[in-house]
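The structure file data.cif is reproduced below (mmCIF, C-alpha atoms).
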data_start
#
loop_
_atom_site.label_atom_id
_atom_site.label_comp_id
_atom_site.auth_asym_id
_atom_site.auth_seq_id
_atom_site.Cartn_x
_atom_site.Cartn_y
_atom_site.Cartn_z
CA MET R 1282 14.88 48.22 -79.18
CA SER R 1283 11.43 49.65 -78.37
CA ASP R 1284 10.56 51.08 -74.95
CA ARG R 1285 8.42 48.03 -74.22
CA GLU R 1286 11.22 45.63 -75.14
CA HIS R 1287 13.71 47.69 -73.13
CA THR R 1288 11.41 47.58 -70.08
CA ARG R 1289 10.92 43.83 -70.49
CA GLU R 1290 14.68 43.24 -70.73
CA ARG R 1291 15.34 45.40 -67.69
CA SER R 1292 12.68 43.46 -65.77
CA ARG R 1293 14.34 40.16 -66.71
CA ARG R 1294 17.71 41.50 -65.52
CA ASP R 1295 16.15 42.55 -62.21
CA HIS R 1296 14.61 39.11 -61.75
CA ARG R 1297 17.95 37.44 -62.45
CA ARG R 1298 19.76 39.77 -60.03
CA VAL R 1299 17.30 38.95 -57.26
CA ALA R 1300 17.52 35.22 -58.01
CA VAL R 1301 21.31 35.28 -57.84
CA GLY R 1302 21.21 37.40 -54.68
CA THR R 1303 18.90 35.00 -52.86
CA LEU R 1304 20.84 31.99 -54.14
CA ILE R 1305 24.25 33.20 -53.02
CA GLY R 1306 23.06 34.45 -49.65
CA THR R 1307 21.18 31.25 -48.88
CA THR R 1308 24.14 29.16 -50.06
CA ILE R 1309 26.42 30.96 -47.61
CA GLU R 1310 23.91 30.63 -44.77
CA TRP R 1311 23.61 26.89 -45.30
CA TYR R 1312 27.30 26.31 -45.94
CA ASP R 1313 27.74 27.66 -42.41
CA PHE R 1314 24.98 25.45 -41.04
CA PHE R 1315 26.09 22.22 -42.71
CA ILE R 1316 29.75 22.68 -41.81
CA TYR R 1317 28.68 22.31 -38.20
CA ALA R 1318 26.50 19.27 -38.87
CA ASN R 1319 29.38 17.45 -40.57
CA ALA R 1320 31.84 18.50 -37.87
CA ALA R 1321 29.42 17.13 -35.27
CA ALA R 1322 29.57 13.77 -37.04
CA LEU R 1323 33.36 13.76 -37.33
CA VAL R 1324 35.26 15.60 -34.59
CA LEU R 1325 33.18 17.46 -32.02
CA THR R 1326 32.67 14.43 -29.76
CA PRO R 1327 36.37 13.90 -28.89
CA LEU R 1328 37.13 17.64 -28.82
CA PHE R 1329 34.22 18.95 -26.75
CA PHE R 1330 32.31 16.04 -25.23
CA GLU R 1331 35.05 13.61 -24.19
CA PRO R 1332 33.98 13.61 -20.50
CA PHE R 1333 30.58 12.23 -21.53
CA VAL R 1334 32.32 9.54 -23.59
CA ALA R 1335 34.52 8.62 -20.62
CA SER R 1336 31.53 8.42 -18.27
CA TYR R 1337 28.78 7.02 -20.47
CA GLY R 1338 30.38 5.58 -23.59
CA GLU R 1339 30.99 6.58 -27.21
CA LEU R 1340 27.30 6.45 -28.16
CA ALA R 1341 26.45 9.04 -25.49
CA GLY R 1342 29.10 11.35 -26.89
CA ARG R 1343 27.70 11.05 -30.40
CA LEU R 1344 24.15 11.61 -29.19
CA ILE R 1345 25.16 14.79 -27.34
CA SER R 1346 27.13 16.02 -30.34
CA PHE R 1347 24.08 15.56 -32.60
CA ALA R 1348 21.90 17.15 -29.90
CA THR R 1349 23.90 20.38 -30.33
CA VAL R 1350 22.89 20.27 -34.00
CA GLY R 1351 19.27 20.12 -32.89
CA VAL R 1352 19.56 22.83 -30.22
CA SER R 1353 19.87 25.55 -32.84
CA PHE R 1354 16.57 24.48 -34.40
CA ILE R 1355 14.73 25.32 -31.20
CA PHE R 1356 15.67 28.97 -31.73
CA ARG R 1357 14.63 29.06 -35.37
CA PRO R 1358 11.03 30.06 -34.55
CA LEU R 1359 12.35 32.98 -32.49
CA GLY R 1360 14.48 34.09 -35.44
CA ALA R 1361 11.55 33.64 -37.79
CA ALA R 1362 9.24 35.61 -35.46
CA VAL R 1363 11.64 38.53 -35.04
CA ALA R 1364 12.67 38.68 -38.70
CA GLY R 1365 9.06 38.12 -39.76
CA HIS R 1366 7.82 40.98 -37.58
CA PHE R 1367 10.30 43.48 -39.00
CA GLY R 1368 10.22 41.94 -42.48
CA ASP R 1369 6.44 42.43 -42.67
CA LYS R 1370 6.67 45.97 -41.25
CA LEU R 1371 9.92 47.36 -42.69
CA GLY R 1372 10.67 45.17 -45.70
CA ARG R 1373 12.41 41.96 -46.69
CA LYS R 1374 15.85 43.28 -47.70
CA ALA R 1375 17.09 44.56 -44.32
CA MET R 1376 16.42 41.21 -42.68
CA LEU R 1377 18.36 39.36 -45.38
CA VAL R 1378 21.47 41.44 -44.71
CA LEU R 1379 21.18 41.19 -40.91
CA THR R 1380 20.73 37.41 -40.82
CA LEU R 1381 23.66 36.86 -43.19
CA VAL R 1382 26.04 38.84 -40.97
CA LEU R 1383 24.80 37.07 -37.84
CA MET R 1384 25.19 33.59 -39.31
CA GLY R 1385 28.64 34.30 -40.76
CA GLY R 1386 29.90 35.83 -37.52
CA ALA R 1387 28.71 32.88 -35.43
CA THR R 1388 30.23 30.35 -37.83
CA THR R 1389 33.62 32.07 -37.90
CA ALA R 1390 33.60 32.24 -34.10
CA ILE R 1391 32.93 28.48 -33.85
CA GLY R 1392 36.20 27.95 -35.72
CA LEU R 1393 37.97 29.83 -32.89
CA VAL R 1394 36.39 28.12 -29.85
CA PRO R 1395 39.03 26.32 -27.74
CA SER R 1396 38.43 22.64 -27.02
CA PHE R 1397 37.42 21.08 -23.69
CA ASP R 1398 41.08 20.27 -22.92
CA SER R 1399 41.92 23.98 -23.17
CA ILE R 1400 39.11 25.74 -21.29
CA GLY R 1401 37.00 22.95 -19.80
CA MET R 1402 33.20 23.29 -19.86
CA TRP R 1403 33.43 26.77 -21.34
CA GLY R 1404 34.28 25.08 -24.66
CA PRO R 1405 30.95 23.25 -25.08
CA ILE R 1406 29.05 26.19 -23.54
CA LEU R 1407 30.47 28.63 -26.12
CA LEU R 1408 29.77 26.11 -28.84
CA ILE R 1409 26.10 25.87 -27.85
CA VAL R 1410 25.72 29.68 -27.57
CA LEU R 1411 27.06 30.10 -31.09
CA ARG R 1412 24.76 27.33 -32.31
CA VAL R 1413 21.84 29.27 -30.84
CA LEU R 1414 22.91 32.34 -32.86
CA GLN R 1415 23.14 30.17 -35.98
CA GLY R 1416 19.64 28.83 -35.37
CA PHE R 1417 18.20 32.31 -34.78
CA SER R 1418 19.80 33.51 -38.01
CA ALA R 1419 18.70 30.52 -40.09
CA GLY R 1420 15.14 30.90 -38.82
CA GLY R 1421 14.98 34.49 -40.01
CA GLU R 1422 16.92 34.12 -43.25
CA TRP R 1423 14.91 31.62 -45.24
CA GLY R 1424 11.59 33.48 -45.19
CA GLY R 1425 13.17 36.68 -46.47
CA ALA R 1426 15.14 34.97 -49.22
CA ALA R 1427 12.13 32.93 -50.36
CA LEU R 1428 9.80 35.95 -50.46
CA MET R 1429 12.31 38.17 -52.25
CA ALA R 1430 12.68 35.54 -54.97
CA VAL R 1431 8.97 34.72 -55.30
CA GLU R 1432 7.57 38.24 -54.95
CA HIS R 1433 9.92 39.59 -57.63
CA ALA R 1434 9.05 36.77 -60.06
CA PRO R 1435 6.46 36.70 -62.87
CA ALA R 1436 3.33 34.84 -61.70
CA HIS R 1437 3.86 31.95 -64.14
CA GLN R 1438 7.49 31.46 -63.03
CA ARG R 1439 7.27 31.74 -59.26
CA GLY R 1440 8.26 28.10 -58.82
CA ARG R 1441 11.36 28.57 -60.99
CA TYR R 1442 12.53 31.72 -59.22
CA GLY R 1443 11.51 30.38 -55.83
CA GLY R 1444 13.76 27.42 -56.58
CA PHE R 1445 16.90 29.58 -56.33
CA PRO R 1446 16.88 30.04 -52.54
CA GLN R 1447 15.90 26.36 -52.31
CA ILE R 1448 18.94 25.13 -54.25
CA GLY R 1449 21.08 27.36 -52.06
CA VAL R 1450 20.62 24.67 -49.40
CA PRO R 1451 22.07 21.71 -51.36
CA ILE R 1452 24.72 23.98 -52.91
CA GLY R 1453 25.69 25.08 -49.40
CA MET R 1454 25.90 21.42 -48.45
CA LEU R 1455 27.89 20.67 -51.60
CA ILE R 1456 30.46 23.33 -50.80
CA ALA R 1457 30.59 22.36 -47.13
CA THR R 1458 31.23 18.68 -47.79
CA ALA R 1459 33.66 19.46 -50.63
CA VAL R 1460 35.71 21.77 -48.40
CA LEU R 1461 35.68 19.23 -45.58
CA SER R 1462 36.67 16.49 -48.00
CA ILE R 1463 39.61 18.54 -49.30
CA VAL R 1464 40.79 19.36 -45.78
CA THR R 1465 40.41 15.70 -44.78
CA MET R 1466 42.45 14.48 -47.74
CA THR R 1467 45.23 17.05 -47.24
CA THR R 1468 45.74 16.59 -43.50
CA SER R 1469 46.64 13.65 -41.33
CA GLU R 1470 44.16 12.29 -38.80
CA GLN R 1471 45.89 14.18 -36.00
CA GLN R 1472 46.21 17.42 -38.00
CA PHE R 1473 42.51 17.31 -38.86
CA LEU R 1474 41.65 16.84 -35.19
CA ASP R 1475 44.08 19.55 -34.03
CA TRP R 1476 43.29 22.34 -36.48
CA GLY R 1477 42.06 21.10 -39.88
CA TRP R 1478 38.38 20.97 -38.91
CA ARG R 1479 38.52 24.70 -38.06
CA VAL R 1480 39.49 25.80 -41.57
CA PRO R 1481 35.99 25.49 -43.16
CA PHE R 1482 34.50 27.56 -40.32
CA LEU R 1483 37.08 30.33 -40.70
CA LEU R 1484 36.53 30.48 -44.46
CA SER R 1485 32.98 31.65 -43.77
CA VAL R 1486 34.15 35.23 -43.21
CA VAL R 1487 35.24 35.45 -46.87
CA LEU R 1488 31.92 34.11 -48.11
CA VAL R 1489 29.96 36.57 -45.98
CA VAL R 1490 31.77 39.56 -47.49
CA VAL R 1491 30.86 38.32 -50.98
CA GLY R 1492 27.26 37.68 -49.98
CA MET R 1493 26.89 41.11 -48.39
CA ALA R 1494 28.11 42.85 -51.52
CA ILE R 1495 25.50 41.04 -53.62
CA ARG R 1496 22.54 41.31 -51.25
CA LEU R 1497 23.00 45.04 -50.70
CA GLY R 1498 22.48 45.53 -54.44
CA VAL R 1499 19.10 43.76 -54.54
CA ALA R 1500 15.94 45.90 -54.73
CA GLU R 1501 13.11 45.60 -52.18
CA SER R 1502 10.19 43.28 -52.97
CA PRO R 1503 7.64 45.00 -55.27
CA VAL R 1504 4.77 43.03 -53.70
CA PHE R 1505 5.72 44.35 -50.26
CA ALA R 1506 5.93 47.92 -51.59
CA GLU R 1507 2.53 47.66 -53.34
CA ALA R 1508 0.91 46.10 -50.27
CA GLU R 1509 2.22 48.98 -48.15
CA ASP R 1510 0.73 51.48 -50.60
CA ALA R 1511 -2.63 49.69 -50.62
CA LYS R 1512 -2.97 49.29 -46.85
CA PRO R 1513 -0.86 50.32 -43.85
CA ALA R 1514 1.43 47.76 -42.23
CA VAL R 1515 -0.11 45.45 -39.65
CA ARG R 1516 0.81 46.62 -36.15
CA LEU R 1517 1.55 43.12 -34.83
CA PRO R 1518 1.99 40.85 -37.87
CA LEU R 1519 2.75 37.75 -35.82
CA VAL R 1520 -0.42 38.05 -33.74
CA GLN R 1521 -2.62 38.69 -36.77
CA MET R 1522 -0.98 35.87 -38.69
CA PHE R 1523 -1.80 33.33 -35.97
CA ARG R 1524 -5.27 34.81 -35.61
CA PHE R 1525 -6.21 34.26 -39.25
CA ASN R 1526 -3.62 31.81 -40.66
CA GLY R 1527 -2.79 29.35 -37.89
CA PRO R 1528 -3.97 26.31 -39.93
CA GLN R 1529 -1.70 27.30 -42.83
CA VAL R 1530 1.32 27.39 -40.49
CA LEU R 1531 0.51 23.84 -39.37
CA GLN R 1532 0.08 22.63 -42.97
CA GLY R 1533 3.35 24.20 -44.06
CA ALA R 1534 5.22 22.92 -41.01
CA LEU R 1535 4.05 19.31 -41.46
CA THR R 1536 4.98 19.20 -45.16
CA PHE R 1537 8.42 20.58 -44.39
CA ALA R 1538 8.93 18.31 -41.37
CA ALA R 1539 8.69 15.22 -43.56
CA ASN R 1540 11.12 16.60 -46.12
CA ASN R 1541 13.51 17.98 -43.51
CA ALA R 1542 13.81 14.76 -41.53
CA ALA R 1543 14.58 12.81 -44.70
CA GLY R 1544 17.08 15.42 -45.88
CA TYR R 1545 18.91 15.47 -42.58
CA MET R 1546 19.72 11.78 -42.86
CA VAL R 1547 22.27 12.83 -45.49
CA THR R 1548 22.84 16.53 -44.83
CA GLY R 1549 22.65 16.39 -41.03
CA GLY R 1550 25.51 13.95 -40.67
CA TYR R 1551 23.64 10.74 -39.76
CA VAL R 1552 24.72 8.73 -42.81
CA LEU R 1553 28.26 10.07 -42.40
CA SER R 1554 28.32 9.10 -38.72
CA TYR R 1555 26.64 5.70 -39.19
CA THR R 1556 28.80 4.55 -42.08
CA THR R 1557 32.09 5.61 -40.47
CA ALA R 1558 31.37 4.71 -36.83
CA GLU R 1559 29.17 1.62 -37.28
CA LEU R 1560 30.15 0.24 -40.69
CA GLY R 1561 33.84 1.22 -40.43
CA MET R 1562 33.98 2.91 -43.83
CA ASP R 1563 36.52 5.51 -44.94
CA ARG R 1564 35.54 9.08 -44.04
CA SER R 1565 36.74 10.60 -47.33
CA THR R 1566 34.76 8.06 -49.35
CA ILE R 1567 31.52 8.88 -47.55
CA LEU R 1568 32.15 12.62 -47.78
CA ASN R 1569 32.57 12.20 -51.53
CA LEU R 1570 29.26 10.30 -51.73
CA VAL R 1571 27.50 13.02 -49.73
CA THR R 1572 29.01 15.62 -52.06
CA LEU R 1573 27.68 13.70 -55.08
CA THR R 1574 24.25 13.46 -53.46
CA SER R 1575 24.26 17.20 -52.78
CA ALA R 1576 24.98 17.87 -56.46
CA ALA R 1577 22.07 15.63 -57.46
CA TRP R 1578 19.88 17.38 -54.90
CA VAL R 1579 20.53 20.70 -56.64
CA VAL R 1580 19.20 19.25 -59.91
CA THR R 1581 16.16 17.52 -58.40
CA THR R 1582 15.22 20.57 -56.29
CA MET R 1583 15.28 22.96 -59.25
CA SER R 1584 13.47 20.38 -61.41
CA GLY R 1585 10.72 20.13 -58.80
CA ALA R 1586 10.49 23.92 -58.57
CA ILE R 1587 10.15 24.35 -62.35
CA LEU R 1588 7.69 21.45 -62.67
CA SER R 1589 5.48 23.06 -60.01
CA ASP R 1590 4.82 25.98 -62.38
CA ARG R 1591 3.31 23.48 -64.83
CA ILE R 1592 1.39 20.97 -62.72
CA GLY R 1593 0.97 22.79 -59.39
CA ARG R 1594 2.91 22.96 -56.12
CA THR R 1595 1.06 20.26 -54.18
CA ALA R 1596 1.17 17.82 -57.12
CA VAL R 1597 4.98 17.95 -57.12
CA TYR R 1598 5.04 17.56 -53.34
CA LYS R 1599 2.97 14.39 -53.64
CA ILE R 1600 5.36 12.96 -56.23
CA GLY R 1601 8.31 13.68 -53.94
CA PHE R 1602 6.67 12.12 -50.91
CA ALA R 1603 5.67 9.05 -52.96
CA VAL R 1604 9.32 8.52 -53.94
CA LEU R 1605 10.40 8.82 -50.30
CA LEU R 1606 7.78 6.33 -49.14
CA ILE R 1607 8.85 3.81 -51.78
CA TRP R 1608 12.60 4.28 -51.28
CA VAL R 1609 13.12 4.88 -47.57
CA PHE R 1610 13.56 1.16 -46.76
CA PRO R 1611 15.61 0.13 -49.83
CA MET R 1612 17.94 3.08 -49.21
CA PHE R 1613 19.22 1.73 -45.91
CA TRP R 1614 19.31 -1.84 -47.20
CA LEU R 1615 21.73 -0.65 -49.87
CA ILE R 1616 23.78 1.43 -47.43
CA ASP R 1617 24.18 -1.60 -45.17
CA THR R 1618 25.83 -3.53 -48.02
CA ARG R 1619 28.97 -1.32 -47.62
CA SER R 1620 29.20 -1.25 -51.42
CA VAL R 1621 30.21 2.25 -52.54
CA MET R 1622 28.30 1.85 -55.82
CA LEU R 1623 25.09 0.72 -54.14
CA MET R 1624 25.39 3.38 -51.45
CA GLY R 1625 25.76 6.02 -54.16
CA LEU R 1626 22.66 4.67 -55.92
CA ALA R 1627 20.74 4.66 -52.63
CA MET R 1628 21.45 8.33 -51.92
CA LEU R 1629 20.98 9.52 -55.52
CA VAL R 1630 17.46 8.08 -55.76
CA PHE R 1631 16.73 9.47 -52.30
CA SER R 1632 17.69 12.93 -53.60
CA VAL R 1633 14.77 12.77 -56.07
CA GLY R 1634 12.23 12.47 -53.25
CA ILE R 1635 13.97 15.16 -51.20
CA GLY R 1636 14.26 17.56 -54.15
CA PHE R 1637 10.68 17.25 -55.35
CA SER R 1638 9.34 17.81 -51.82
CA TYR R 1639 11.59 20.83 -51.35
CA GLY R 1640 11.82 22.65 -54.68
CA PRO R 1641 8.25 24.10 -54.72
CA GLN R 1642 8.33 25.14 -51.06
CA ALA R 1643 9.19 28.84 -51.43
CA ALA R 1644 6.43 29.46 -53.98
CA MET R 1645 3.87 27.32 -52.17
CA LEU R 1646 4.34 28.95 -48.76
CA ALA R 1647 4.33 32.44 -50.29
CA GLU R 1648 1.02 31.67 -52.00
CA MET R 1649 -0.50 30.38 -48.73
CA PHE R 1650 -0.28 33.65 -46.74
CA PRO R 1651 -1.59 37.23 -47.16
CA ALA R 1652 1.01 39.85 -48.15
CA HIS R 1653 0.95 41.75 -44.84
CA VAL R 1654 1.82 38.68 -42.73
CA ARG R 1655 3.61 36.59 -45.37
CA TYR R 1656 7.13 36.81 -43.92
CA SER R 1657 5.87 35.77 -40.48
CA GLY R 1658 3.73 32.93 -41.85
CA ALA R 1659 6.23 31.46 -44.30
CA GLY R 1660 9.17 31.84 -41.91
CA LEU R 1661 7.41 30.21 -38.97
CA SER R 1662 6.08 27.35 -41.12
CA TYR R 1663 9.66 26.66 -42.13
CA ALA R 1664 11.02 27.03 -38.59
CA PHE R 1665 8.42 24.83 -36.89
CA GLY R 1666 8.77 22.25 -39.65
CA ALA R 1667 12.51 22.16 -39.04
CA ILE R 1668 11.98 21.47 -35.33
CA LEU R 1669 9.45 18.70 -36.01
CA GLY R 1670 11.59 17.24 -38.78
CA GLY R 1671 15.35 17.70 -38.99
CA ALA R 1672 16.21 19.23 -35.61
CA PHE R 1673 16.84 15.99 -33.78
CA ALA R 1674 16.48 13.55 -36.68
CA PRO R 1675 20.19 12.53 -36.69
CA MET R 1676 20.09 12.03 -32.90
CA ILE R 1677 16.80 10.09 -33.06
CA ALA R 1678 18.11 7.96 -35.92
CA THR R 1679 21.34 7.24 -34.02
CA TRP R 1680 19.36 6.18 -30.94
CA LEU R 1681 16.90 4.05 -32.95
CA GLN R 1682 19.70 2.21 -34.73
CA ALA R 1683 21.47 1.52 -31.44
CA ALA R 1684 18.29 0.52 -29.59
CA PHE R 1685 16.95 -1.84 -32.27
CA GLY R 1686 20.27 -2.88 -33.79
CA SER R 1687 18.96 -2.14 -37.27
CA THR R 1688 18.51 0.77 -39.68
CA MET R 1689 15.01 -0.53 -40.38
CA ALA R 1690 13.89 1.36 -37.28
CA VAL R 1691 15.29 4.53 -38.86
CA SER R 1692 13.40 3.79 -42.09
CA GLY R 1693 10.17 3.28 -40.13
CA TYR R 1694 10.63 6.63 -38.39
CA LEU R 1695 11.09 8.43 -41.73
CA PHE R 1696 8.19 6.53 -43.30
CA GLY R 1697 5.82 7.71 -40.56
CA LEU R 1698 6.84 11.36 -40.91
CA THR R 1699 6.47 11.17 -44.69
CA VAL R 1700 2.92 9.78 -44.41
CA ILE R 1701 2.03 12.78 -42.23
CA GLY R 1702 3.60 15.14 -44.78
CA MET R 1703 1.66 13.52 -47.61
CA ILE R 1704 -1.64 13.95 -45.72
CA ALA R 1705 -0.82 17.61 -45.05
CA ALA R 1706 -0.06 18.19 -48.76
CA PHE R 1707 -3.55 16.92 -49.66
CA THR R 1708 -5.14 19.52 -47.34
CA ILE R 1709 -3.35 22.58 -48.81
CA LYS R 1710 -5.27 24.89 -51.15
CA ASP R 1711 -3.11 25.08 -54.28
CA ARG R 1712 -2.83 28.69 -55.52
CA THR R 1713 -0.17 28.17 -58.19
CA GLY R 1714 0.30 31.36 -60.20
CA LYS R 1715 -2.46 33.35 -58.49
CA SER R 1716 -2.08 36.92 -57.18
CA LEU R 1717 0.15 37.61 -54.17
CA GLY R 1718 -0.89 41.23 -53.62
CA ALA R 1719 -3.08 42.83 -50.96
CA GLU R 1720 -6.06 42.43 -53.31
CA ALA R 1721 -5.77 38.61 -53.31
CA LEU R 1722 -8.66 37.88 -50.97
CA ASP R 1723 -8.86 34.22 -52.01
CA ILE R 1724 -5.80 33.51 -49.86
CA PRO R 1725 -6.97 31.78 -46.66
CA GLY R 1726 -7.53 34.42 -43.97
CA ALA R 1727 -6.88 37.36 -46.30
CA ALA R 1728 -10.41 38.79 -46.31
CA LYS R 1729 -10.63 38.76 -42.50
CA LEU R 1730 -7.14 40.26 -42.18
CA SER R 1731 -8.04 43.02 -44.65
CA ALA R 1732 -11.17 43.85 -42.70
CA ALA R 1733 -9.18 43.92 -39.44
CA ILE R 1734 -6.63 46.34 -40.94
CA ASP R 1735 -9.42 48.66 -42.12
CA ARG R 1736 -11.00 48.87 -38.68
#
As structure tokens - that is how I would like this structure written.
Amino acid sequence: MSDREHTRERSRRDHRRVAVGTLIGTTIEWYDFFIYANAAALVLTPLFFEPFVASYGELAGRLISFATVGVSFIFRPLGAAVAGHFGDKLGRKAMLVLTLVLMGGATTAIGLVPSFDSIGMWGPILLIVLRVLQGFSAGGEWGGAALMAVEHAPAHQRGRYGGFPQIGVPIGMLIATAVLSIVTMTTSEQQFLDWGWRVPFLLSVVLVVVGMAIRLGVAESPVFAEAEDAKPAVRLPLVQMFRFNGPQVLQGALTFAANNAAGYMVTGGYVLSYTTAELGMDRSTILNLVTLTSAAWVVTTMSGAILSDRIGRTAVYKIGFAVLLIWVFPMFWLIDTRSVMLMGLAMLVFSVGIGFSYGPQAAMLAEMFPAHVRYSGAGLSYAFGAILGGAFAPMIATWLQAAFGSTMAVSGYLFGLTVIGMIAAFTIKDRTGKSLGAEALDIPGAAKLSAAIDR
């Protein structure tokens, strides 16, 4: 093998190592996150919010339980801001390790929190505090994982490599629902309520050890290192990012909000809660359908990521949003039939729209921001989009269905958000495959930022 071939092979190995590292870490992060969302749909109401049920009814208990899912999203921007600040100044790798430990520790601790019957209001208070830590961690984690994958990748394959941290989300959901399904099938109703629901949370500590071992072996982003050599780090990346790239944050947030709200219908526990509480369907059956949908979401997300290298990031986004707009009403019509086959079809087609409007995200957001403020910009776009989209989507959907007595109100809510996301996608400057380095002055705001750094 010649020196050139040897170098090329070593480069491919490095790219694969980074891809696997970002995939596994993100999978663990989102396994932790989705375990809570599913638990909120299944058991947290009677265990932690029973006084609200007794005073205001079962719907109030479910709304509060889903509200605790949304509370963590409020702290995502803080996590993104802190991790973005240090990620843009010190590097991407350190933030990836820190956020993984924080998320895993909070998740394991949730599995140990005593119920309301044991310690009264301290139970829900501890639960919310740990959810805040999860939100802070999730807000900081995604930007680092996305940039490590994209900035290590060859220019013509950024979508493909950027797809690895993206599929970590549905894989995390897949594992979370599979573990919950296994625990549900192997315990009685009372056993699941007493201790079974805690098992998936406690398993997180094992996953974190594995993730740490892999992430510590990943090299720092070469784009970050080259940008540091070309120009010194920005003193206050967050301030400079908003000064020159505020519109890009809004564009990124609105595109993600539409995708995130749609995704959280399935991944955030709404479909699970609605079908079991309102339609009276078997919990294990619905968990199996959600697991199947998560597996399909892996395929559609990676397909969208790879396709974006060929036809452009925004083009794939538009295809995904078009599918969501067409399918968002038929999906709930089919779910309301209570037919397992039709419900499976409804969620599988839905996964196409979700995957295509999620797969290209890492590459697209990386290409929208200058290197010196990229972690801050991409991370905050993701975090703000999550608040606008998925944070309270299950709670809003639950309220809409109860208020209007129909899932058509839920479909209308998702349709409106998707229209906004589609409009935002049309306004984004597509930079598929173009330079990500400090010399890339065609990135919006890059020339002004460069001049500010030089002064």
Near-region 1368-1384 of chain R list (6 Å; all atoms listed in the file; drop same-chain fewer than 6 positions) as JSON, numbers by chain:
{"R": [1415, 1418, 1422, 1425, 1501, 1514, 1653, 1654, 1656]}
Residues proximal to (8.2, 26.1, -38.8) were defined as those with any atom within 12 Å of that point in the file's coordinates, counting only C-alpha atoms. Which are they, as a compact mmCIF listing (two decimals) with C-alpha atoms, keeping the file's coordinate frame?
# COMPACT_ATOMS: atom_id res chain seq x y z
CA PHE R 1354 16.57 24.48 -34.40
CA ILE R 1355 14.73 25.32 -31.20
CA PHE R 1356 15.67 28.97 -31.73
CA ARG R 1357 14.63 29.06 -35.37
CA PRO R 1358 11.03 30.06 -34.55
CA LEU R 1359 12.35 32.98 -32.49
CA GLY R 1360 14.48 34.09 -35.44
CA ALA R 1361 11.55 33.64 -37.79
CA ALA R 1362 9.24 35.61 -35.46
CA ALA R 1419 18.70 30.52 -40.09
CA GLY R 1420 15.14 30.90 -38.82
CA GLY R 1421 14.98 34.49 -40.01
CA TRP R 1423 14.91 31.62 -45.24
CA GLY R 1424 11.59 33.48 -45.19
CA GLY R 1527 -2.79 29.35 -37.89
CA GLN R 1529 -1.70 27.30 -42.83
CA VAL R 1530 1.32 27.39 -40.49
CA LEU R 1531 0.51 23.84 -39.37
CA GLN R 1532 0.08 22.63 -42.97
CA GLY R 1533 3.35 24.20 -44.06
CA ALA R 1534 5.22 22.92 -41.01
CA LEU R 1535 4.05 19.31 -41.46
CA THR R 1536 4.98 19.20 -45.16
CA PHE R 1537 8.42 20.58 -44.39
CA ALA R 1538 8.93 18.31 -41.37
CA ALA R 1539 8.69 15.22 -43.56
CA ASN R 1541 13.51 17.98 -43.51
CA LEU R 1646 4.34 28.95 -48.76
CA TYR R 1656 7.13 36.81 -43.92
CA SER R 1657 5.87 35.77 -40.48
CA GLY R 1658 3.73 32.93 -41.85
CA ALA R 1659 6.23 31.46 -44.30
CA GLY R 1660 9.17 31.84 -41.91
CA LEU R 1661 7.41 30.21 -38.97
CA SER R 1662 6.08 27.35 -41.12
CA TYR R 1663 9.66 26.66 -42.13
CA ALA R 1664 11.02 27.03 -38.59
CA PHE R 1665 8.42 24.83 -36.89
CA GLY R 1666 8.77 22.25 -39.65
CA ALA R 1667 12.51 22.16 -39.04
CA ILE R 1668 11.98 21.47 -35.33
CA LEU R 1669 9.45 18.70 -36.01
CA GLY R 1670 11.59 17.24 -38.78
CA GLY R 1671 15.35 17.70 -38.99
CA ALA R 1672 16.21 19.23 -35.61
Closest of R:Ser1565, R:Ser1353, R:Ser1346, R:Thr1713 to Leu1588 (chain R) - atom-to-atom distances counting all atoms listed in the file
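The closest residue to Leu1588 (chain R) is R:Thr1713.
Using only C-alpha atoms, the shortest contact distance between Ile1635 (chain R) and any of R:Met1689, R:Ser1731, R:Ala1577, R:Gly1593 is found at R:Ala1577.
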Interatomic distance, CA of Ala1732 (chain R) to CA of Pro1651 (chain R) (Å, one decimal)
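So the answer is 12.5 Å.
Closest to Lys1729 (chain R) among R:Thr1557, R:Thr1572, R:Ser1692, R:Gln1521 is R:Gln1521, based on all atoms listed in the file.
Of the residues listed (R:Leu1325, R:Asp1711, R:Gly1342, R:Ala1674), R:Ala1674 shows the shortest atom-to-atom separation from Tyr1551 (chain R); distances use all atoms listed in the file.
A straight line drawn from CA of His1437 (chain R) to CA of Arg1591 (chain R) is 8.5 Å long.
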What does the structure give for the distance between CA of Leu1629 (chain R) and CA of Ala1678 (chain R), in Å to one decimal?
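Separation between CA of Leu1629 (chain R) and CA of Ala1678 (chain R): 19.9 Å.
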Can you turn the PyMOL selection byres ((chain R and resi 1460) around 12) into a concrete residue list for this file, as number ranges by chain?
R: 1312-1313, 1315-1316, 1319-1320, 1453-1459, 1461-1467, 1477-1485, 1565, 1568-1569, 1572
Under the PyMOL selection byres ((chain R and resi 1450) around 8), which residues of this model are included? Write them out as JSON, numbers by chain.
{"R": [1307, 1308, 1311, 1312, 1446, 1447, 1448, 1449, 1451, 1452, 1453, 1454]}
Looking at R:Ala1348, R:Gly1697, R:Ile1677, R:Glu1648, which one is nearest to Ile1724 (chain R), with distances taken over all atoms listed in the file?
R:Glu1648
Nearest to Arg1619 (chain R) among R:Met1562, R:Ile1701, R:Val1413, R:Leu1304, with distances taken over all atoms listed in the file: which residue is it?
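For Arg1619 (chain R), the nearest of the given residues is R:Met1562.
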Written as a list in words, what is the full residue list that the PyMOL selection byres ((chain R and resi 1324) around 10) yields on the file shown?
Asn1319, Ala1320, Ala1321, Ala1322, Leu1323, Leu1325, Thr1326, Pro1327, Leu1328, Phe1329, Phe1330, Arg1343, Ser1346, Phe1473, Leu1474, Asp1475 and Trp1478 of chain R
